[in-house]
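Engineer: Starting off with a structure, shown below.
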Amino acid sequence: GMAARIAARASARRRGGGRVLAAVMNGMALEAPAASFDAAISTFGVILFPDAAAGMREMARVLRPGGRAAVLTWTKPERYELAARLLGAIAQVRGPLPPPASLPAQLRFKDPADFRALLGEPGLVVEDIVELEERWTLPSARWIAEHIAFAPGMAAMTDGLGDDRDSVMHLFVETLERERGTGEVVLKAVAHLGIARKPG
């Protein structure tokens, strides 16, 4: 599964052929002893958990004193190009959209103050929040439509469209191909990288 692929890739990259152990477990209840890691990294992971604060508490628990956590979250939704384009296609098919009742999970911590509070909640000291522009190079507009599950929040949004889903995805592909062609497509988004340290 995914864990085996991650372990194989990480082992291949390590100098000296050191072993890397990858395990699948619940991020809100890690099966790891307290203070057992020097660093913890979450790439758009913990922010999607049903209870992101529980995930951060677990990251903090397994860090050794002085250990660091690095967490990525999306920010600036107006520059999250995949979402903006999908929402544009939905609006064209369904008419003007009412504002969402709540933010999708991947944007819950778009405000730097909310993100800082999430990182600091388990007692970690927030050292920095860095803004990064992410660029996804994807095979084609059609590939994006057929593999939308690579962006879980967008997949959830399109799955909720019912009978309109095919029309929306067709319009999304048509518009993107008209603007960028039928080959590789680069989509941009803005992320915040939060770096926090466990005191001690």
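Letters A, B, ... mark the chains of the structure tokens in the order given; residue numbers begin at 1 per chain; ligand numbers begin at 1, in order shown.
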Which of stretch 5-198 of chain A end up as strand (DSSP E) when DSSP is run on this backbone - answer as number ranges by chain?
Structural biologist: A: 37-43, 63-75, 125-138, 185-197
Engineer: Set the distance at 6 Å and use only C-alpha atoms: which residues neighbour stretch 171-179 of chain A once local chain neighbours fewer than 5 positions away are removed? I'd like the list as a tab-separated table (two decimals) with N, CA, C and O atoms, in the first residue's frame.
Structural biologist:
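Now in around.tsv:
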```tsv
chain	number	residue	atom	x	y	z
A	89	ALA	N	-16.94	26.86	-12.73
A	89	ALA	CA	-17.72	25.94	-13.57
A	89	ALA	C	-19.06	25.61	-12.91
A	89	ALA	O	-20.09	25.55	-13.58
A	141	ALA	N	-5.81	18.89	-18.47
A	141	ALA	CA	-7.10	19.26	-17.87
A	141	ALA	C	-7.98	18.03	-17.70
A	141	ALA	O	-8.63	17.83	-16.68
A	142	ARG	N	-7.96	17.17	-18.72
A	142	ARG	CA	-8.79	15.95	-18.68
A	142	ARG	C	-8.32	15.02	-17.55
A	142	ARG	O	-9.13	14.42	-16.85
```
Engineer: Of the candidates A:Leu118, A:Met154, A:Val71, A:Ala35, which shows the shortest atom-to-atom distance to A:Leu193, using only C-alpha atoms?
Structural biologist: A:Val71
Engineer: Which polymer residues have any atom within 10 Å of an atom of A:Arg116, counting only C-alpha atoms, with same-chain residues fewer than 2 positions away left out, as an MDAnalysis selection string?
Structural biologist: chainID A and resid 109 111:114 118:121 124:129 194:196
Engineer: If you run DSSP on this backbone, which residues of stretch 18-124 of chain A come out as alpha helix (DSSP H), and could you give them as a VMD selection string?
Structural biologist: chain A and resid 52 to 62 81 to 94 112 to 120
Engineer: Go ahead and write the selection's residues with N, CA, C and O atoms as a compact mmCIF listing (two decimals), in the first residue's frame.
Structural biologist:
```txt
# COMPACT_ATOMS: atom_id res chain seq x y z
N ALA A 52 -8.42 18.35 14.04
CA ALA A 52 -7.05 18.76 13.75
C ALA A 52 -6.26 19.03 15.04
O ALA A 52 -5.07 18.73 15.12
N ALA A 53 -6.93 19.56 16.06
CA ALA A 53 -6.25 19.84 17.33
C ALA A 53 -5.74 18.55 17.97
O ALA A 53 -4.63 18.52 18.52
N ALA A 54 -6.53 17.47 17.88
CA ALA A 54 -6.08 16.17 18.42
C ALA A 54 -4.85 15.69 17.67
O ALA A 54 -3.91 15.15 18.27
N GLY A 55 -4.84 15.89 16.34
CA GLY A 55 -3.67 15.52 15.55
C GLY A 55 -2.43 16.30 15.97
O GLY A 55 -1.34 15.74 16.10
N MET A 56 -2.60 17.60 16.23
CA MET A 56 -1.46 18.42 16.69
C MET A 56 -0.99 17.99 18.08
O MET A 56 0.21 17.96 18.35
N ARG A 57 -1.93 17.65 18.97
CA ARG A 57 -1.54 17.18 20.30
C ARG A 57 -0.71 15.91 20.21
O ARG A 57 0.26 15.73 20.93
N GLU A 58 -1.11 15.02 19.27
CA GLU A 58 -0.35 13.77 19.09
C GLU A 58 1.04 14.06 18.52
O GLU A 58 2.02 13.45 18.94
N MET A 59 1.13 14.97 17.56
CA MET A 59 2.45 15.35 17.02
C MET A 59 3.34 15.87 18.15
O MET A 59 4.50 15.50 18.25
N ALA A 60 2.77 16.73 18.99
CA ALA A 60 3.54 17.30 20.10
C ALA A 60 3.94 16.22 21.10
O ALA A 60 5.07 16.21 21.60
N ARG A 61 3.04 15.29 21.38
CA ARG A 61 3.32 14.24 22.37
C ARG A 61 4.50 13.37 21.95
O ARG A 61 5.35 13.03 22.78
N VAL A 62 4.58 13.02 20.66
CA VAL A 62 5.64 12.10 20.23
C VAL A 62 6.97 12.81 19.95
O VAL A 62 7.99 12.15 19.74
N GLU A 81 -6.08 27.99 -7.36
CA GLU A 81 -6.61 28.02 -8.73
C GLU A 81 -7.55 26.85 -9.05
O GLU A 81 -8.56 27.03 -9.73
N LEU A 82 -7.24 25.66 -8.57
CA LEU A 82 -8.10 24.51 -8.85
C LEU A 82 -9.50 24.75 -8.30
O LEU A 82 -10.50 24.56 -8.99
N ALA A 83 -9.57 25.20 -7.03
CA ALA A 83 -10.87 25.46 -6.41
C ALA A 83 -11.60 26.58 -7.14
O ALA A 83 -12.80 26.49 -7.41
N ALA A 84 -10.89 27.66 -7.45
CA ALA A 84 -11.52 28.81 -8.11
C ALA A 84 -12.11 28.39 -9.47
O ALA A 84 -13.22 28.79 -9.83
N ARG A 85 -11.38 27.56 -10.21
CA ARG A 85 -11.85 27.12 -11.52
C ARG A 85 -13.06 26.19 -11.40
O ARG A 85 -14.00 26.27 -12.18
N LEU A 86 -13.01 25.28 -10.43
CA LEU A 86 -14.15 24.38 -10.23
C LEU A 86 -15.38 25.16 -9.78
O LEU A 86 -16.49 24.92 -10.27
N LEU A 87 -15.21 26.10 -8.86
CA LEU A 87 -16.33 26.92 -8.40
C LEU A 87 -16.91 27.75 -9.55
O LEU A 87 -18.13 27.94 -9.65
N GLY A 88 -16.03 28.23 -10.45
CA GLY A 88 -16.49 28.98 -11.62
C GLY A 88 -17.36 28.12 -12.52
O GLY A 88 -18.41 28.56 -13.01
N ALA A 89 -16.94 26.86 -12.73
CA ALA A 89 -17.72 25.94 -13.57
C ALA A 89 -19.06 25.61 -12.91
O ALA A 89 -20.09 25.55 -13.58
N ILE A 90 -19.04 25.42 -11.59
CA ILE A 90 -20.29 25.13 -10.86
C ILE A 90 -21.26 26.31 -10.99
O ILE A 90 -22.45 26.14 -11.26
N ALA A 91 -20.74 27.53 -10.84
CA ALA A 91 -21.59 28.73 -10.94
C ALA A 91 -22.20 28.85 -12.33
O ALA A 91 -23.35 29.26 -12.48
N GLN A 92 -21.42 28.47 -13.38
CA GLN A 92 -21.95 28.56 -14.75
C GLN A 92 -23.07 27.54 -14.98
O GLN A 92 -24.03 27.82 -15.70
N VAL A 93 -22.94 26.36 -14.34
CA VAL A 93 -23.96 25.32 -14.51
C VAL A 93 -25.18 25.58 -13.64
O VAL A 93 -26.32 25.42 -14.07
N ARG A 94 -24.93 26.01 -12.40
CA ARG A 94 -26.03 26.12 -11.42
C ARG A 94 -26.49 27.54 -11.14
O ARG A 94 -27.43 27.75 -10.37
N PRO A 112 -3.77 33.26 9.20
CA PRO A 112 -2.54 32.97 9.96
C PRO A 112 -2.77 32.87 11.47
O PRO A 112 -2.13 32.06 12.14
N ALA A 113 -3.70 33.67 12.02
CA ALA A 113 -3.96 33.62 13.48
C ALA A 113 -4.57 32.27 13.86
O ALA A 113 -4.22 31.68 14.90
N ASP A 114 -5.48 31.75 13.03
CA ASP A 114 -6.09 30.44 13.30
C ASP A 114 -5.04 29.33 13.19
O ASP A 114 -5.04 28.38 13.98
N PHE A 115 -4.16 29.44 12.20
CA PHE A 115 -3.12 28.43 12.00
C PHE A 115 -2.14 28.46 13.17
O PHE A 115 -1.77 27.42 13.72
N ARG A 116 -1.75 29.67 13.58
CA ARG A 116 -0.84 29.82 14.73
C ARG A 116 -1.46 29.23 15.99
O ARG A 116 -0.79 28.54 16.76
N ALA A 117 -2.76 29.43 16.18
CA ALA A 117 -3.46 28.88 17.36
C ALA A 117 -3.46 27.36 17.31
O ALA A 117 -3.26 26.69 18.34
N LEU A 118 -3.68 26.77 16.12
CA LEU A 118 -3.66 25.31 15.98
C LEU A 118 -2.29 24.75 16.36
O LEU A 118 -2.19 23.78 17.12
N LEU A 119 -1.23 25.38 15.85
CA LEU A 119 0.13 24.90 16.11
C LEU A 119 0.49 25.05 17.59
O LEU A 119 1.17 24.20 18.16
N GLY A 120 0.04 26.14 18.20
CA GLY A 120 0.41 26.43 19.59
C GLY A 120 -0.45 25.75 20.62
O GLY A 120 -0.06 25.65 21.79
```
Engineer: Using only C-alpha atoms, determine which residues lie at most 10 Å from A:Pro104, disregarding the query and same-chain residues fewer than 4 positions distant; provide the list as a PyMOL selection string.
Structural biologist: chain A and resi 48+100+108-109+153-154+156-157
